[in-house]
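Data from start_29.txt: compact mmCIF, C-alpha atoms
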```
# COMPACT_ATOMS: atom_id res chain seq x y z
CA MET A 22 0.00 0.00 0.00
CA SER A 23 1.23 3.47 -0.85
CA SER A 24 1.44 6.24 1.69
CA PHE A 25 0.89 9.90 0.82
CA VAL A 26 2.22 13.32 1.70
CA LEU A 27 0.26 16.44 0.78
CA ARG A 28 2.32 19.62 0.75
CA TYR A 29 0.36 22.86 1.00
CA PHE A 30 0.01 26.07 2.94
CA PRO A 31 -1.83 25.99 6.25
CA ALA A 32 -4.94 27.48 4.63
CA HIS A 33 -8.37 26.55 3.30
CA SER A 34 -7.67 27.42 -0.30
CA ARG A 35 -6.70 25.47 -3.39
CA ALA A 36 -6.18 22.04 -1.81
CA GLU A 37 -9.61 21.59 -0.20
CA THR A 38 -10.94 19.13 -2.76
CA ILE A 39 -7.77 17.03 -2.43
CA LYS A 40 -8.24 16.95 1.37
CA ALA A 41 -11.91 15.99 0.95
CA ILE A 42 -11.00 13.16 -1.44
CA LEU A 43 -8.32 11.81 0.93
CA SER A 44 -10.78 12.01 3.82
CA TYR A 45 -13.65 10.39 1.93
CA THR A 46 -11.44 7.53 0.72
CA GLU A 47 -10.08 7.11 4.27
CA THR A 48 -6.54 7.47 2.94
CA ASP A 49 -3.92 8.20 5.54
CA TYR A 50 -1.70 11.08 4.62
CA LYS A 51 0.81 13.43 6.15
CA TYR A 52 0.12 17.14 5.72
CA GLU A 53 3.32 19.13 5.24
CA THR A 54 3.50 22.91 5.18
CA PRO A 55 6.84 23.79 3.55
CA GLU A 56 8.78 26.91 4.56
CA TRP A 57 7.80 29.55 2.04
CA PRO A 58 9.39 30.85 -0.11
CA GLN A 59 12.51 28.97 1.04
CA GLN A 60 11.22 25.61 -0.18
CA LYS A 61 9.64 26.95 -3.39
CA CYS A 62 12.52 25.69 -5.52
CA GLU A 63 12.04 22.15 -4.17
CA GLN A 64 8.58 21.90 -5.77
CA PRO A 65 7.83 21.09 -9.44
CA ALA A 66 7.44 24.51 -11.12
CA GLY A 67 7.70 26.17 -7.70
CA LYS A 68 4.09 25.74 -6.68
CA LEU A 69 1.84 24.02 -4.17
CA PRO A 70 -0.07 21.78 -3.69
CA VAL A 71 2.22 18.81 -4.31
CA LEU A 72 1.35 15.17 -3.71
CA VAL A 73 4.09 12.68 -2.90
CA GLU A 74 3.16 9.02 -3.14
CA ILE A 75 5.59 6.67 -1.46
CA LEU A 76 5.13 3.30 -3.09
CA PRO A 77 5.61 -0.08 -1.38
CA ASP A 78 9.07 -0.41 -2.98
CA SER A 79 9.98 2.99 -1.43
CA SER A 80 10.10 4.76 -4.79
CA GLU A 81 8.32 8.11 -4.96
CA TYR A 82 5.85 9.56 -7.40
CA VAL A 83 5.69 13.34 -7.15
CA LEU A 84 2.81 15.29 -8.72
CA SER A 85 1.90 18.97 -8.63
CA ASP A 86 -1.15 21.00 -9.72
CA SER A 87 -4.37 20.67 -7.77
CA LEU A 88 -6.49 19.29 -10.61
CA ALA A 89 -3.83 16.81 -11.72
CA ILE A 90 -3.57 15.55 -8.12
CA GLU A 91 -7.34 15.29 -7.88
CA SER A 92 -7.64 13.40 -11.17
CA TYR A 93 -4.92 10.98 -10.06
CA LEU A 94 -6.61 10.24 -6.73
CA VAL A 95 -10.07 10.09 -8.34
CA ASP A 96 -8.86 7.51 -10.87
CA LYS A 97 -6.89 5.55 -8.27
CA PHE A 98 -9.77 5.42 -5.78
CA LYS A 99 -12.51 5.11 -8.39
CA LEU A 100 -14.44 8.25 -7.48
CA SER A 101 -15.16 9.27 -11.05
CA VAL A 102 -18.61 9.11 -12.53
CA THR A 103 -18.83 6.01 -14.70
CA GLY A 104 -20.12 6.36 -18.21
CA ASP A 105 -19.23 7.30 -21.75
CA SER A 106 -16.74 9.97 -22.75
CA GLN A 107 -19.47 12.65 -22.82
CA ILE A 108 -20.40 12.00 -19.19
CA ILE A 109 -16.72 12.07 -18.23
CA ALA A 110 -16.35 15.34 -20.15
CA ARG A 111 -19.37 16.79 -18.32
CA GLN A 112 -17.74 15.87 -15.01
CA LEU A 113 -14.56 17.72 -16.00
CA GLU A 114 -16.54 20.71 -17.27
CA ILE A 115 -18.31 20.90 -13.91
CA ARG A 116 -14.99 20.67 -12.07
CA TYR A 117 -13.39 23.45 -14.12
CA GLN A 118 -16.42 25.70 -13.67
CA ILE A 119 -16.18 25.18 -9.90
CA LYS A 120 -12.48 26.02 -10.12
CA ASP A 121 -13.23 29.17 -12.12
CA MET A 122 -15.51 30.33 -9.29
CA PHE A 123 -12.69 29.84 -6.81
CA GLU A 124 -10.25 31.75 -9.03
CA ALA A 125 -12.76 34.61 -9.39
CA CYS A 126 -13.10 34.64 -5.60
CA THR A 127 -9.33 34.93 -5.04
CA LEU A 128 -9.08 37.63 -7.72
CA TYR A 129 -11.63 39.63 -5.75
CA ARG A 130 -10.08 38.85 -2.39
CA TYR A 131 -6.60 39.98 -3.42
CA SER A 132 -7.63 42.88 -5.64
CA PRO A 133 -6.15 46.34 -5.07
CA PRO A 134 -8.67 48.87 -3.66
CA GLU A 135 -9.23 50.62 -7.00
CA ALA A 136 -10.14 47.34 -8.74
CA ARG A 137 -12.16 45.84 -5.90
CA GLN A 138 -15.62 46.71 -7.18
CA MET A 139 -14.80 45.48 -10.69
CA PHE A 140 -13.62 42.09 -9.38
CA LEU A 141 -16.62 41.83 -7.05
CA ASP A 142 -18.96 42.54 -9.97
CA TYR A 143 -17.18 39.88 -12.02
CA PHE A 144 -17.42 37.35 -9.18
CA LEU A 145 -21.12 38.08 -8.66
CA SER A 146 -22.09 37.87 -12.33
CA SER A 147 -20.02 34.69 -12.78
CA ALA A 148 -21.68 33.20 -9.71
CA LYS A 149 -25.13 33.98 -11.09
CA ASP A 150 -24.42 32.22 -14.41
CA PHE A 151 -22.67 29.36 -12.61
CA VAL A 152 -25.53 28.72 -10.19
CA LYS A 153 -28.13 28.84 -12.97
CA TYR A 154 -26.31 26.17 -14.97
CA HIS A 155 -25.50 23.96 -11.99
CA GLU A 156 -29.03 24.09 -10.58
CA LYS A 157 -30.20 22.93 -14.03
CA LEU A 158 -27.70 20.05 -14.10
CA LEU A 159 -28.67 19.00 -10.59
CA ALA A 160 -32.37 19.09 -11.45
CA GLU A 161 -31.66 16.94 -14.51
CA ASN A 162 -30.02 14.38 -12.21
CA GLY A 163 -33.16 14.22 -10.07
CA SER A 164 -32.48 16.91 -7.44
CA ASN A 165 -31.07 14.22 -5.16
CA GLY A 166 -28.01 15.97 -3.77
CA HIS A 167 -25.68 14.52 -6.39
CA TYR A 168 -24.34 15.69 -9.72
CA PHE A 169 -24.39 12.15 -11.12
CA GLY A 170 -26.32 9.06 -10.12
CA ASN A 171 -27.29 8.45 -6.51
CA ASN A 172 -23.91 8.30 -4.81
CA ILE A 173 -21.15 10.70 -3.98
CA THR A 174 -18.75 11.13 -6.87
CA TYR A 175 -15.78 13.42 -7.49
CA VAL A 176 -17.56 16.67 -8.28
CA ASP A 177 -19.97 16.40 -5.32
CA LEU A 178 -16.85 16.52 -3.14
CA ALA A 179 -15.31 19.28 -5.27
CA ALA A 180 -18.44 21.46 -5.08
CA TYR A 181 -18.69 21.19 -1.30
CA ALA A 182 -14.98 21.57 -0.58
CA THR A 183 -14.63 24.54 -2.94
CA TYR A 184 -17.66 26.22 -1.39
CA ARG A 185 -16.01 25.84 2.04
CA ALA A 186 -12.81 27.30 0.57
CA ILE A 187 -14.67 30.28 -0.96
CA GLU A 188 -16.44 30.83 2.36
CA ALA A 189 -13.09 30.79 4.17
CA GLN A 190 -11.52 33.20 1.66
CA LEU A 191 -14.44 35.65 1.86
CA SER A 192 -15.04 35.39 5.60
CA ASP A 193 -14.33 39.06 6.20
CA ALA A 194 -15.72 40.37 2.92
CA THR A 195 -19.09 41.77 2.13
CA PRO A 196 -21.92 39.24 2.82
CA GLN A 197 -23.32 40.13 -0.59
CA ALA A 198 -20.46 38.13 -2.14
CA LEU A 199 -21.93 34.77 -1.13
CA ALA A 200 -25.59 35.63 -1.72
CA ASN A 201 -25.80 33.71 -5.00
CA PHE A 202 -24.95 30.48 -3.16
CA SER A 203 -27.64 30.82 -0.48
CA LYS A 204 -30.26 28.11 0.08
CA GLU A 205 -32.79 30.43 -1.48
CA ASN A 206 -30.81 31.11 -4.65
CA ALA A 207 -29.11 27.73 -5.01
CA PRO A 208 -31.34 25.13 -3.35
CA LEU A 209 -29.99 22.10 -5.22
CA MET A 210 -26.33 23.05 -4.74
CA ASN A 211 -27.10 23.40 -1.04
CA LYS A 212 -28.61 19.94 -1.12
CA VAL A 213 -25.25 18.68 -2.45
CA PHE A 214 -23.48 20.53 0.38
CA GLU A 215 -25.79 18.93 2.98
CA THR A 216 -25.48 15.46 1.48
CA VAL A 217 -21.69 15.60 1.35
CA SER A 218 -21.24 17.14 4.78
CA ALA A 219 -23.49 14.47 6.31
CA GLU A 220 -21.26 11.69 4.96
CA PRO A 221 -19.49 10.00 7.89
CA ARG A 222 -16.32 9.53 5.85
CA LEU A 223 -16.00 13.32 5.53
CA ALA A 224 -15.64 13.71 9.31
CA SER A 225 -11.85 14.01 9.26
CA TYR A 226 -12.07 16.66 6.51
CA LEU A 227 -14.70 18.62 8.42
CA ALA A 228 -12.51 18.49 11.52
CA THR A 229 -9.89 20.61 9.69
CA PHE A 230 -12.21 23.59 10.11
CA ASN A 231 -11.94 23.59 13.90
CA MET B 7 -19.30 10.72 -38.06
CA SER B 8 -19.84 13.72 -35.81
CA SER B 9 -19.42 17.29 -36.88
CA PHE B 10 -18.18 19.95 -34.50
CA VAL B 11 -18.77 23.66 -34.11
CA LEU B 12 -16.30 25.55 -31.95
CA HIS B 13 -17.82 28.77 -30.63
CA TYR B 14 -15.10 31.30 -29.90
CA PHE B 15 -13.98 34.83 -30.63
CA PRO B 16 -12.19 35.40 -33.94
CA ILE B 17 -8.76 35.55 -32.27
CA ASN B 18 -5.77 33.20 -31.91
CA ALA B 19 -5.93 32.88 -28.15
CA ARG B 20 -7.34 30.47 -25.55
CA ALA B 21 -8.94 28.07 -28.04
CA GLU B 22 -5.80 27.40 -30.09
CA PRO B 23 -5.13 23.97 -28.56
CA ILE B 24 -8.72 22.97 -29.37
CA LYS B 25 -8.29 24.09 -33.00
CA ALA B 26 -4.96 22.26 -33.27
CA ILE B 27 -6.48 19.02 -31.97
CA LEU B 28 -9.51 19.24 -34.29
CA SER B 29 -7.27 19.97 -37.30
CA TYR B 30 -4.68 17.33 -36.48
CA ALA B 31 -7.42 14.75 -35.96
CA GLY B 32 -8.95 15.57 -39.33
CA ALA B 33 -12.31 16.28 -37.67
CA ASN B 34 -15.25 17.81 -39.52
CA TRP B 35 -15.31 21.18 -37.74
CA LYS B 36 -15.82 24.88 -38.12
CA LEU B 37 -15.37 28.00 -36.04
CA GLU B 38 -18.35 30.25 -35.27
CA SER B 39 -17.94 33.56 -33.52
CA PRO B 40 -21.13 34.55 -31.68
CA GLU B 41 -22.13 38.21 -31.43
CA TRP B 42 -20.78 39.38 -28.11
CA PRO B 43 -22.08 40.07 -25.49
CA GLN B 44 -25.44 39.20 -27.10
CA GLY B 45 -24.39 35.57 -27.40
CA LYS B 46 -23.42 35.30 -23.73
CA SER B 47 -26.76 34.01 -22.46
CA SER B 48 -26.80 31.18 -25.02
CA GLN B 49 -23.67 29.63 -23.51
CA PRO B 50 -23.67 27.24 -20.51
CA VAL B 51 -22.09 29.77 -18.10
CA GLY B 52 -21.84 32.82 -20.35
CA LYS B 53 -18.29 32.08 -21.46
CA LEU B 54 -16.40 30.86 -24.51
CA PRO B 55 -15.05 28.54 -25.86
CA VAL B 56 -17.99 26.16 -26.22
CA LEU B 57 -17.97 23.01 -28.35
CA VAL B 58 -21.15 21.71 -29.96
CA GLU B 59 -20.96 18.22 -31.39
CA THR B 60 -23.70 16.98 -33.71
CA ALA B 61 -23.80 13.21 -34.03
CA ALA B 62 -24.87 11.26 -37.10
CA ASP B 63 -28.36 10.86 -35.62
CA GLY B 64 -28.69 14.64 -35.20
CA SER B 65 -28.35 14.67 -31.40
CA GLN B 66 -26.20 17.41 -29.93
CA PHE B 67 -23.64 17.50 -27.14
CA THR B 68 -22.64 20.91 -25.79
CA LEU B 69 -19.51 21.33 -23.69
CA SER B 70 -17.80 24.38 -22.20
CA GLU B 71 -14.42 24.90 -20.42
CA SER B 72 -11.37 24.83 -22.69
CA LEU B 73 -9.50 22.05 -20.89
CA ALA B 74 -12.59 19.85 -20.63
CA ILE B 75 -13.12 20.33 -24.37
CA GLU B 76 -9.48 19.50 -25.10
CA GLU B 77 -9.52 16.31 -23.03
CA TYR B 78 -12.81 15.19 -24.56
CA LEU B 79 -11.46 15.67 -28.09
CA ALA B 80 -8.12 14.07 -27.18
CA LYS B 81 -10.00 11.00 -25.94
CA THR B 82 -12.39 10.99 -28.91
CA PHE B 83 -9.50 11.04 -31.39
CA SER B 84 -7.14 8.76 -29.40
CA LEU B 85 -4.63 11.51 -28.73
CA ASN B 86 -4.60 11.09 -24.94
CA VAL B 87 -1.72 9.47 -23.15
CA SER B 88 -3.30 6.40 -21.65
CA ASP B 89 -0.78 3.83 -20.62
CA ASN B 90 -1.07 4.35 -16.88
CA LEU B 91 -2.65 6.57 -14.22
CA GLN B 92 0.62 8.27 -13.38
CA ASN B 93 1.25 9.41 -16.96
CA ALA B 94 -2.37 10.51 -17.31
CA ALA B 95 -1.97 12.68 -14.21
CA ARG B 96 1.40 13.93 -15.42
CA GLN B 97 -0.25 14.99 -18.69
CA THR B 98 -2.84 16.98 -16.72
CA GLU B 99 -0.13 18.53 -14.55
CA LEU B 100 1.98 19.66 -17.50
CA ARG B 101 -1.08 21.00 -19.36
CA SER B 102 -2.20 22.95 -16.28
CA GLN B 103 1.21 24.54 -15.94
CA ILE B 104 1.06 25.82 -19.52
CA LYS B 105 -2.46 27.09 -18.79
CA ASP B 106 -1.08 28.97 -15.76
CA VAL B 107 1.50 30.59 -18.05
CA TRP B 108 -1.24 31.60 -20.51
CA ASP B 109 -3.52 32.94 -17.76
CA MET B 110 -0.73 35.14 -16.47
CA CYS B 111 -0.03 36.42 -20.01
CA ILE B 112 -3.71 37.44 -20.17
CA GLN B 113 -3.44 39.06 -16.74
CA TYR B 114 -0.53 41.12 -18.06
CA LYS B 115 -2.14 42.03 -21.36
CA PHE B 116 -5.39 43.23 -19.77
CA GLY B 117 -3.79 44.71 -16.66
CA THR B 118 -3.13 48.34 -15.87
CA GLU B 119 0.32 49.88 -16.30
CA GLU B 120 0.54 49.71 -12.52
CA SER B 121 -0.38 46.04 -12.17
CA ARG B 122 1.84 45.02 -15.09
CA LYS B 123 5.02 45.66 -13.13
CA GLY B 124 4.11 43.07 -10.51
CA THR B 125 2.73 40.64 -13.07
CA MET B 126 5.90 40.80 -15.18
CA GLU B 127 8.01 39.81 -12.19
CA LYS B 128 5.71 36.94 -11.23
CA TYR B 129 5.56 35.84 -14.88
CA ALA B 130 9.34 35.74 -15.21
CA ALA B 131 9.56 33.44 -12.17
CA LEU B 132 6.63 31.25 -13.26
CA SER B 133 7.77 30.80 -16.86
CA LYS B 134 11.32 30.03 -15.74
CA ALA B 135 10.12 27.39 -13.27
CA VAL B 136 7.64 25.84 -15.72
CA VAL B 137 10.25 25.64 -18.49
CA ALA B 138 12.76 24.01 -16.13
CA TYR B 139 10.20 21.38 -15.12
CA HIS B 140 9.05 20.73 -18.70
CA GLU B 141 12.64 20.41 -19.94
CA GLU B 142 13.20 17.81 -17.21
CA GLN B 143 10.10 15.84 -18.19
CA LEU B 144 11.04 15.99 -21.89
CA LYS B 145 14.51 14.70 -21.05
CA LEU B 146 12.95 11.81 -19.11
CA ASN B 147 10.99 10.91 -22.24
CA GLY B 148 14.19 10.77 -24.30
CA ALA B 149 14.43 14.33 -25.63
CA ASN B 150 12.65 13.15 -28.79
CA GLY B 151 10.32 16.07 -29.44
CA HIS B 152 7.40 14.49 -27.57
CA TYR B 153 6.17 14.66 -24.00
CA PHE B 154 5.11 11.01 -23.96
CA GLY B 155 6.05 8.14 -26.23
CA SER B 156 7.29 8.86 -29.72
CA GLU B 157 4.21 10.16 -31.55
CA THR B 158 2.52 13.53 -31.54
CA LYS B 159 -0.27 13.49 -28.98
CA TYR B 160 -2.54 15.91 -27.08
CA LEU B 161 0.04 17.58 -24.88
CA ASP B 162 2.50 18.13 -27.74
CA LEU B 163 -0.28 19.84 -29.73
CA ALA B 164 -1.58 21.87 -26.78
CA VAL B 165 1.82 23.21 -25.73
CA PHE B 166 2.78 24.13 -29.30
CA ALA B 167 -0.59 25.78 -29.97
CA THR B 168 -0.30 27.80 -26.74
CA TYR B 169 3.17 28.92 -27.83
CA LEU B 170 1.72 30.13 -31.15
CA ALA B 171 -1.13 31.87 -29.31
CA ILE B 172 1.29 33.71 -27.01
CA LYS B 173 3.33 34.79 -30.04
CA ASP B 174 0.25 36.06 -31.87
CA PHE B 175 -2.03 37.40 -29.15
CA ILE B 176 0.29 38.32 -26.27
CA VAL B 177 3.77 39.28 -27.51
CA PRO B 178 2.62 42.50 -29.30
CA SER B 179 1.71 43.96 -25.90
CA PHE B 180 4.10 41.83 -23.79
CA PRO B 181 7.33 41.45 -25.79
CA GLN B 182 9.14 39.51 -23.02
CA ALA B 183 6.45 36.81 -22.83
CA LEU B 184 8.47 34.21 -24.76
CA ASP B 185 11.93 35.05 -23.37
CA ASN B 186 12.12 31.92 -21.22
CA PHE B 187 10.83 29.79 -24.12
CA SER B 188 13.70 30.61 -26.50
CA LYS B 189 15.76 27.83 -28.11
CA GLU B 190 18.55 28.69 -25.74
CA ASN B 191 16.45 28.55 -22.58
CA ALA B 192 14.08 25.76 -23.61
CA PRO B 193 15.85 23.54 -26.14
CA LEU B 194 13.66 20.47 -25.65
CA MET B 195 10.39 22.42 -25.69
CA ASN B 196 11.57 23.95 -28.97
CA LYS B 197 12.22 20.45 -30.28
CA VAL B 198 8.53 19.74 -29.54
CA PHE B 199 7.56 22.92 -31.42
CA GLU B 200 9.68 21.88 -34.45
CA THR B 201 8.41 18.30 -34.40
CA VAL B 202 4.76 19.30 -34.17
CA SER B 203 4.99 22.09 -36.74
CA ALA B 204 6.50 19.59 -39.20
CA GLU B 205 3.48 17.27 -38.90
CA PRO B 206 1.72 17.18 -42.29
CA ARG B 207 -1.64 16.80 -40.49
CA LEU B 208 -1.12 20.23 -38.96
CA ALA B 209 -0.43 22.08 -42.21
CA SER B 210 -3.93 23.54 -42.60
CA TYR B 211 -3.99 24.69 -38.96
CA LEU B 212 -0.67 26.48 -39.39
CA THR B 213 -1.99 28.51 -42.32
CA THR B 214 -4.37 30.26 -39.88
CA PHE B 215 -1.35 32.13 -38.54
CA ASN B 216 -0.52 33.84 -41.80
```

Would you encode the structure as structure tokens?
Amino acid sequence: MSSFVLRYFPAHSRAETIKAILSYTETDYKYETPEWPQQKCEQPAGKLPVLVEILPDSSEYVLSDSLAIESYLVDKFKLSVTGDSQIIARQLEIRYQIKDMFEACTLYRYSPPEARQMFLDYFLSSAKDFVKYHEKLLAENGSNGHYFGNNITYVDLAAYATYRAIEAQLSDATPQALANFSKENAPLMNKVFETVSAEPRLASYLATFN
Amino acid sequence: MSSFVLHYFPINARAEPIKAILSYAGANWKLESPEWPQGKSSQPVGKLPVLVETAADGSQFTLSESLAIEEYLAKTFSLNVSDNLQNAARQTELRSQIKDVWDMCIQYKFGTEESRKGTMEKYAALSKAVVAYHEEQLKLNGANGHYFGSETKYLDLAVFATYLAIKDFIVPSFPQALDNFSKENAPLMNKVFETVSAEPRLASYLTTFN
């Protein structure tokens, strides 16, 4: 059996979905927070997160980029939706749209004062379009708290974990920023959040918020 | 046989890898540029590119998100690396890194004079680190002008097409954008560029840059 190390900052940011996947699959891992920027040059392309898999023969497989790490773990632990290439493509489309929302959130969060309103407007209008499309997809899947089928798959975890990350990033920002994701405006997405957070195997992930 | 419509702006920018894959694969495809912003509300989340595939039976499949579209087409036309999970994840990692480079080019191009100073510095560090990592990976594959194996596949096409897009769409306003990608600084990446540009199946795609 392999063991894993996840290297990231001590923050609820870009590695949340990875943490949720590791928790849900009950995979033991060590969380390392490298000295920064001193250990930047030790990472592939100087960025985090990085996953290190230590194989049974002691060899190491090192992988960077949050989505590459996710896709590796999803394939390894069979968390992908099963189906034809169009369903797989839809899953990836959903994942990238969720990622785009997170990127828009960080753009707003780290914007200089003079650009703040512009980035907030962009985040809000993106969120509106995003929620509309995702509510439609979720309704098409039967409004059952899942993007695909009747069980938790990859993007259910990604949606919940990214929402928690956005919430953490915007904790001291205007409450208006998260309005599009409220139960009132995004009932089916919130059903995904409830379904995922109620999953016993997410307990260790949820504990990281204490 | 399916036919494809790629909805994108009439520029050589974010959708270049998609165009390169469609051309190389010999797909039946065309580019349509919606009126903008009037065409926004017809897209899944108000963004381009969007791919619409019409199957032989007339049914349609609509997909947004550039990297989801690329992966779907790569799979459809057997251009994906597929030998093992680790290489599949490595492909995603390397593709994401090139996307990060592109995104920062866009940030520079559309930034203010003020923001450009900071972006240029970050870009120099990012492009240097990405090139170093890609050169290493290319060396591991035998320095043969391909990222994986010995035939032109998805990643080779995507990296080359992004290089062409930076040259065409970014360099006019950001002359230093390709400094770290020169033959001197990135010899093995340039071998990929030469190898891919010499592919007869890419000839018609390359004429779009004249």

- Query: So which residues touch Lys153 of chain A within 12 Å, counting all atoms listed in the file, skipping near sequence neighbours fewer than 3 positions away, as a ChimeraX atom specification?
  - Reply: /A:146-150,156-160,201-202,206-210 /B:47,49-52

- Task: Please identify all polymer residues within 9 Å of segment 96-99 of chain A, counting all atoms listed in the file, omitting same-chain residues fewer than 2 positions from it, and present them as an MDAnalysis selection string.
- Result: (chainID A and resid 42 46 91:94 101:103 174:175) or (chainID B and resid 91)

File of the preceding selection, C-alpha atoms, as a PDB file, keeping the file's coordinate frame:
```pdb
ATOM      1  CA  ILE A  42     -11.000  13.160  -1.440  1.00  0.00           C
ATOM      2  CA  THR A  46     -11.440   7.530   0.720  1.00  0.00           C
ATOM      3  CA  GLU A  91      -7.340  15.290  -7.880  1.00  0.00           C
ATOM      4  CA  SER A  92      -7.640  13.400 -11.170  1.00  0.00           C
ATOM      5  CA  TYR A  93      -4.920  10.980 -10.060  1.00  0.00           C
ATOM      6  CA  LEU A  94      -6.610  10.240  -6.730  1.00  0.00           C
ATOM      7  CA  SER A 101     -15.160   9.270 -11.050  1.00  0.00           C
ATOM      8  CA  VAL A 102     -18.610   9.110 -12.530  1.00  0.00           C
ATOM      9  CA  THR A 103     -18.830   6.010 -14.700  1.00  0.00           C
ATOM     10  CA  THR A 174     -18.750  11.130  -6.870  1.00  0.00           C
ATOM     11  CA  TYR A 175     -15.780  13.420  -7.490  1.00  0.00           C
TER      12      TYR A 175
ATOM     13  CA  LEU B  91      -2.650   6.570 -14.220  1.00  0.00           C
TER      14      LEU B  91
END
```

- Query: Between A:Arg137, A:Arg116, A:Lys212, A:His167, which has the minimum distance to chain B (counting all atoms listed in the file)?
  - Reply: A:Arg116

Select, as a compact mmCIF listing (two decimals) with C-alpha atoms, in the frame of the given file, those residues of chain A with any atom no more than 10 Å from chain B (distances computed using only C-alpha atoms).
```txt
# COMPACT_ATOMS: atom_id res chain seq x y z
CA LYS A 61 9.64 26.95 -3.39
CA CYS A 62 12.52 25.69 -5.52
CA GLN A 64 8.58 21.90 -5.77
CA PRO A 65 7.83 21.09 -9.44
CA ALA A 66 7.44 24.51 -11.12
CA GLY A 67 7.70 26.17 -7.70
CA LYS A 68 4.09 25.74 -6.68
CA TYR A 82 5.85 9.56 -7.40
CA VAL A 83 5.69 13.34 -7.15
CA LEU A 84 2.81 15.29 -8.72
CA SER A 85 1.90 18.97 -8.63
CA ASP A 86 -1.15 21.00 -9.72
CA SER A 87 -4.37 20.67 -7.77
CA LEU A 88 -6.49 19.29 -10.61
CA ALA A 89 -3.83 16.81 -11.72
CA ILE A 90 -3.57 15.55 -8.12
CA GLU A 91 -7.34 15.29 -7.88
CA SER A 92 -7.64 13.40 -11.17
CA TYR A 93 -4.92 10.98 -10.06
CA LEU A 94 -6.61 10.24 -6.73
CA ASP A 96 -8.86 7.51 -10.87
CA LYS A 97 -6.89 5.55 -8.27
CA SER A 106 -16.74 9.97 -22.75
CA GLN A 107 -19.47 12.65 -22.82
CA ILE A 108 -20.40 12.00 -19.19
CA ILE A 109 -16.72 12.07 -18.23
CA ALA A 110 -16.35 15.34 -20.15
CA ARG A 111 -19.37 16.79 -18.32
CA GLN A 112 -17.74 15.87 -15.01
CA LEU A 113 -14.56 17.72 -16.00
CA GLU A 114 -16.54 20.71 -17.27
CA ILE A 115 -18.31 20.90 -13.91
CA ARG A 116 -14.99 20.67 -12.07
CA TYR A 117 -13.39 23.45 -14.12
CA GLN A 118 -16.42 25.70 -13.67
CA ASP A 121 -13.23 29.17 -12.12
CA PRO A 133 -6.15 46.34 -5.07
CA SER A 146 -22.09 37.87 -12.33
CA SER A 147 -20.02 34.69 -12.78
CA ALA A 148 -21.68 33.20 -9.71
CA LYS A 149 -25.13 33.98 -11.09
CA ASP A 150 -24.42 32.22 -14.41
CA PHE A 151 -22.67 29.36 -12.61
CA VAL A 152 -25.53 28.72 -10.19
CA LYS A 153 -28.13 28.84 -12.97
CA TYR A 154 -26.31 26.17 -14.97
CA HIS A 155 -25.50 23.96 -11.99
```

- Top pick for closest residue to Asn172 of chain A, considering A:Ala32, A:Val73, A:Ala41, A:Leu100 and counting all atoms listed in the file: A:Leu100

- Message: Within 8 Å of (-11.5, 28.2, -27.7) in the file's own coordinates, which protein, DNA or RNA residues have an atom, counting only C-alpha atoms? List them as a PyMOL selection string.
- Response: chain B and resi 12-15+19-25+54-56+72

- Any idea what the distance is between atom CA of Asp174 of chain B and atom CA of Leu144 of chain B? 24.9 Å

- atom CA of Leu43 of chain A and atom CA of Tyr181 of chain A, how far apart in Å? 14.2 Å

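Across the model, the gap from atom CA of Ser156 of chain B to atom CA of Lys173 of chain B is 26.2 Å.
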
- Mind checking which residues fall within 9 Å of Phe214 of chain A, counting all atoms listed in the file, ignoring those fewer than 4 positions away in the same chain, and posting them as number ranges by chain? A: 166, 177-178, 180-182, 184, 209-210, 218-219

Find the spatial neighbours of Glu188 of chain A, counting all atoms listed in the file, within a cut-off of 10 Å - ignore same-chain residues fewer than 6 positions away - and output them as a tab-separated table (two decimals) with C-alpha atoms, keeping the file's coordinate frame.
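Everything below was put into result_15.tsv:
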```tsv
chain	number	residue	atom	x	y	z
A	33	HIS	CA	-8.37	26.55	3.30
A	34	SER	CA	-7.67	27.42	-0.30
A	123	PHE	CA	-12.69	29.84	-6.81
A	126	CYS	CA	-13.10	34.64	-5.60
A	182	ALA	CA	-14.98	21.57	-0.58
A	194	ALA	CA	-15.72	40.37	2.92
A	198	ALA	CA	-20.46	38.13	-2.14
A	199	LEU	CA	-21.93	34.77	-1.13
```

Saved segment 8-12 of chain B from the preceding structure, N, CA, C and O atoms, as an mmCIF file, in the first residue's frame:
```cif
data_model
loop_
_atom_site.group_PDB
_atom_site.id
_atom_site.type_symbol
_atom_site.label_atom_id
_atom_site.label_comp_id
_atom_site.auth_asym_id
_atom_site.auth_seq_id
_atom_site.Cartn_x
_atom_site.Cartn_y
_atom_site.Cartn_z
ATOM 1 N N SER B 8 -19.374 12.467 -36.406
ATOM 2 C CA SER B 8 -19.844 13.721 -35.814
ATOM 3 C C SER B 8 -19.275 14.918 -36.553
ATOM 4 O O SER B 8 -18.198 14.844 -37.147
ATOM 5 N N SER B 9 -20.004 16.016 -36.451
ATOM 6 C CA SER B 9 -19.425 17.291 -36.877
ATOM 7 C C SER B 9 -19.359 18.191 -35.656
ATOM 8 O O SER B 9 -20.131 18.027 -34.706
ATOM 9 N N PHE B 10 -18.421 19.115 -35.674
ATOM 10 C CA PHE B 10 -18.178 19.954 -34.505
ATOM 11 C C PHE B 10 -18.258 21.429 -34.881
ATOM 12 O O PHE B 10 -17.768 21.837 -35.932
ATOM 13 N N VAL B 11 -18.855 22.214 -33.977
ATOM 14 C CA VAL B 11 -18.774 23.661 -34.110
ATOM 15 C C VAL B 11 -18.075 24.170 -32.861
ATOM 16 O O VAL B 11 -18.479 23.854 -31.741
ATOM 17 N N LEU B 12 -17.001 24.923 -33.063
ATOM 18 C CA LEU B 12 -16.302 25.553 -31.949
ATOM 19 C C LEU B 12 -16.759 27.000 -31.914
ATOM 20 O O LEU B 12 -16.588 27.744 -32.889
#
```
